[in-house]
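Content type PDB, C-alpha atoms, pLDDT in the B column, from the file structure-v6.pdb:
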```
MODEL        1
ATOM      1  CA  MET A   1      -1.279 -22.765  19.102  1.00 52.00           C
ATOM      2  CA  ASN A   2      -0.534 -26.156  17.541  1.00 54.00           C
ATOM      3  CA  ARG A   3      -1.084 -24.727  14.060  1.00 60.00           C
ATOM      4  CA  ILE A   4       1.534 -22.041  14.603  1.00 60.00           C
ATOM      5  CA  PHE A   5       4.019 -24.610  15.886  1.00 50.00           C
ATOM      6  CA  PHE A   6       3.304 -26.898  12.924  1.00 48.00           C
ATOM      7  CA  SER A   7       3.745 -24.025  10.451  1.00 61.00           C
ATOM      8  CA  VAL A   8       7.051 -22.983  12.003  1.00 55.00           C
ATOM      9  CA  ALA A   9       8.261 -26.596  12.012  1.00 55.00           C
ATOM     10  CA  ALA A  10       7.248 -27.081   8.368  1.00 54.00           C
ATOM     11  CA  LEU A  11       8.928 -23.845   7.339  1.00 53.00           C
ATOM     12  CA  SER A  12      12.067 -24.862   9.218  1.00 63.00           C
ATOM     13  CA  LEU A  13      12.101 -28.226   7.446  1.00 54.00           C
ATOM     14  CA  VAL A  14      11.698 -26.620   4.024  1.00 52.00           C
ATOM     15  CA  MET A  15      14.480 -24.120   4.685  1.00 59.00           C
ATOM     16  CA  SER A  16      16.899 -26.767   5.967  1.00 61.00           C
ATOM     17  CA  SER A  17      16.147 -28.983   2.959  1.00 54.00           C
ATOM     18  CA  ALA A  18      16.947 -26.111   0.609  1.00 51.00           C
ATOM     19  CA  LEU A  19      20.260 -25.508   2.368  1.00 50.00           C
ATOM     20  CA  VAL A  20      21.201 -29.174   2.147  1.00 52.00           C
ATOM     21  CA  LEU A  21      20.317 -29.471  -1.543  1.00 54.00           C
ATOM     22  CA  ALA A  22      22.053 -26.267  -2.661  1.00 54.00           C
ATOM     23  CA  PRO A  23      25.633 -27.659  -2.546  1.00 56.00           C
ATOM     24  CA  ALA A  24      24.534 -30.816  -4.364  1.00 53.00           C
ATOM     25  CA  ASN A  25      23.031 -28.727  -7.159  1.00 52.00           C
ATOM     26  CA  ALA A  26      26.129 -26.554  -7.396  1.00 54.00           C
ATOM     27  CA  GLN A  27      28.372 -29.583  -7.870  1.00 53.00           C
ATOM     28  CA  ALA A  28      26.195 -31.078 -10.581  1.00 50.00           C
ATOM     29  CA  GLN A  29      27.332 -28.612 -13.228  1.00 51.00           C
ATOM     30  CA  PRO A  30      29.035 -30.369 -16.130  1.00 54.00           C
ATOM     31  CA  LYS A  31      32.730 -29.910 -16.776  1.00 57.00           C
ATOM     32  CA  PRO A  32      33.704 -28.469 -20.146  1.00 63.00           C
ATOM     33  CA  ASP A  33      34.580 -31.086 -22.752  1.00 70.00           C
ATOM     34  CA  THR A  34      36.698 -29.625 -25.483  1.00 81.00           C
ATOM     35  CA  GLU A  35      37.959 -31.224 -28.677  1.00 89.00           C
ATOM     36  CA  PHE A  36      41.368 -31.437 -27.000  1.00 90.00           C
ATOM     37  CA  CYS A  37      39.930 -33.376 -24.044  1.00 90.00           C
ATOM     38  CA  ALA A  38      38.069 -35.742 -26.363  1.00 90.00           C
ATOM     39  CA  LYS A  39      41.299 -36.431 -28.277  1.00 92.00           C
ATOM     40  CA  MET A  40      43.245 -37.062 -25.064  1.00 92.00           C
ATOM     41  CA  ARG A  41      40.453 -39.265 -23.676  1.00 91.00           C
ATOM     42  CA  ALA A  42      40.783 -41.464 -26.769  1.00 93.00           C
ATOM     43  CA  LYS A  43      44.539 -41.853 -26.095  1.00 92.00           C
ATOM     44  CA  ASP A  44      44.381 -42.149 -22.279  1.00 91.00           C
ATOM     45  CA  PRO A  45      40.878 -42.991 -21.021  1.00 92.00           C
ATOM     46  CA  GLY A  46      39.759 -42.477 -17.446  1.00 91.00           C
ATOM     47  CA  GLY A  47      40.518 -38.794 -16.990  1.00 92.00           C
ATOM     48  CA  ILE A  48      38.443 -35.650 -16.642  1.00 92.00           C
ATOM     49  CA  CYS A  49      38.465 -32.308 -18.383  1.00 92.00           C
ATOM     50  CA  THR A  50      39.021 -29.383 -16.002  1.00 90.00           C
ATOM     51  CA  ALA A  51      37.605 -25.870 -16.213  1.00 87.00           C
ATOM     52  CA  LYS A  52      41.019 -24.757 -17.519  1.00 88.00           C
ATOM     53  CA  GLY A  53      40.647 -27.137 -20.473  1.00 89.00           C
ATOM     54  CA  GLU A  54      43.290 -29.534 -19.164  1.00 92.00           C
ATOM     55  CA  TYR A  55      42.785 -33.293 -19.325  1.00 93.00           C
ATOM     56  CA  VAL A  56      43.694 -34.877 -15.987  1.00 93.00           C
ATOM     57  CA  THR A  57      44.282 -38.572 -15.283  1.00 93.00           C
ATOM     58  CA  PRO A  58      45.525 -40.089 -12.031  1.00 92.00           C
ATOM     59  CA  GLU A  59      49.052 -40.221 -13.482  1.00 92.00           C
ATOM     60  CA  LYS A  60      49.293 -37.206 -15.821  1.00 93.00           C
ATOM     61  CA  VAL A  61      48.003 -33.730 -16.625  1.00 94.00           C
ATOM     62  CA  TYR A  62      47.738 -32.950 -20.334  1.00 94.00           C
ATOM     63  CA  LYS A  63      47.642 -29.232 -21.129  1.00 93.00           C
ATOM     64  CA  PRO A  64      46.243 -27.787 -24.382  1.00 92.00           C
ATOM     65  CA  ASP A  65      49.650 -26.290 -25.234  1.00 93.00           C
ATOM     66  CA  GLY A  66      51.101 -29.828 -25.498  1.00 92.00           C
ATOM     67  CA  THR A  67      52.741 -29.911 -22.076  1.00 94.00           C
ATOM     68  CA  VAL A  68      52.402 -33.171 -20.118  1.00 93.00           C
ATOM     69  CA  ILE A  69      52.990 -33.187 -16.368  1.00 93.00           C
ATOM     70  CA  ASN A  70      53.581 -36.439 -14.488  1.00 92.00           C
ATOM     71  CA  ARG A  71      51.506 -36.104 -11.318  1.00 87.00           C
ATOM     72  CA  SER A  72      53.645 -38.527  -9.294  1.00 81.00           C
ATOM     73  CA  THR A  73      56.807 -36.404  -9.697  1.00 70.00           C
ATOM     74  CA  GLY A  74      55.448 -32.993 -10.673  1.00 63.00           C
ATOM     75  CA  ASP A  75      57.595 -32.937 -13.842  1.00 61.00           C
TER      76      ASP A  75
ENDMDL
END
```
What would you get if you wrote out this structure as structure tokens?
Amino acid sequence: MNRIFFSVAALSLVMSSALVLAPANAQAQPKPDTEFCAKMRAKDPGGICTAKGEYVTPEKVYKPDGTVINRSTGD
């Protein structure tokens, strides 16, 4: 009887560990880094490249078409 309980407990632990680790693995995928993002990073370091190919800093969003949006005002 103890073996069955131990097996069920071990299986439960393995399953819960897999559920906890799944979101962490999903978030670990690298963001795309385009030539545009590399150029903008050289001009304004500290931002990230989004999946849309935009370069985003805390103050501005640089779009590949040349548009720059100030994040504080939305312009």
- A straight line from CA of Asp33 in chain A to CA of Thr73 in chain A spans 26.3 Å
Please check which residues have atoms at most 8 Å from (41.6, -25.5, -21.5) in the file's coordinates, counting all atoms listed in the file, and write them as a PDB file with C-alpha atoms, in the coordinates of the input.
```
ATOM      1  CA  THR A  34      36.698 -29.625 -25.483  1.00 81.00           C
ATOM      2  CA  THR A  50      39.021 -29.383 -16.002  1.00 90.00           C
ATOM      3  CA  ALA A  51      37.605 -25.870 -16.213  1.00 87.00           C
ATOM      4  CA  LYS A  52      41.019 -24.757 -17.519  1.00 88.00           C
ATOM      5  CA  GLY A  53      40.647 -27.137 -20.473  1.00 89.00           C
ATOM      6  CA  GLU A  54      43.290 -29.534 -19.164  1.00 92.00           C
ATOM      7  CA  LYS A  63      47.642 -29.232 -21.129  1.00 93.00           C
ATOM      8  CA  PRO A  64      46.243 -27.787 -24.382  1.00 92.00           C
TER       9      PRO A  64
END
```
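Across the chains present, the PyMOL selection byres ((chain A and resi 45) around 12) applied to this file returns Cys37, Ala38, Lys39, Met40, Arg41, Ala42, Lys43, Asp44, Gly46, Gly47, Ile48, Cys49, Tyr55, Val56, Thr57, Pro58, Glu59 and Lys60 of chain A.
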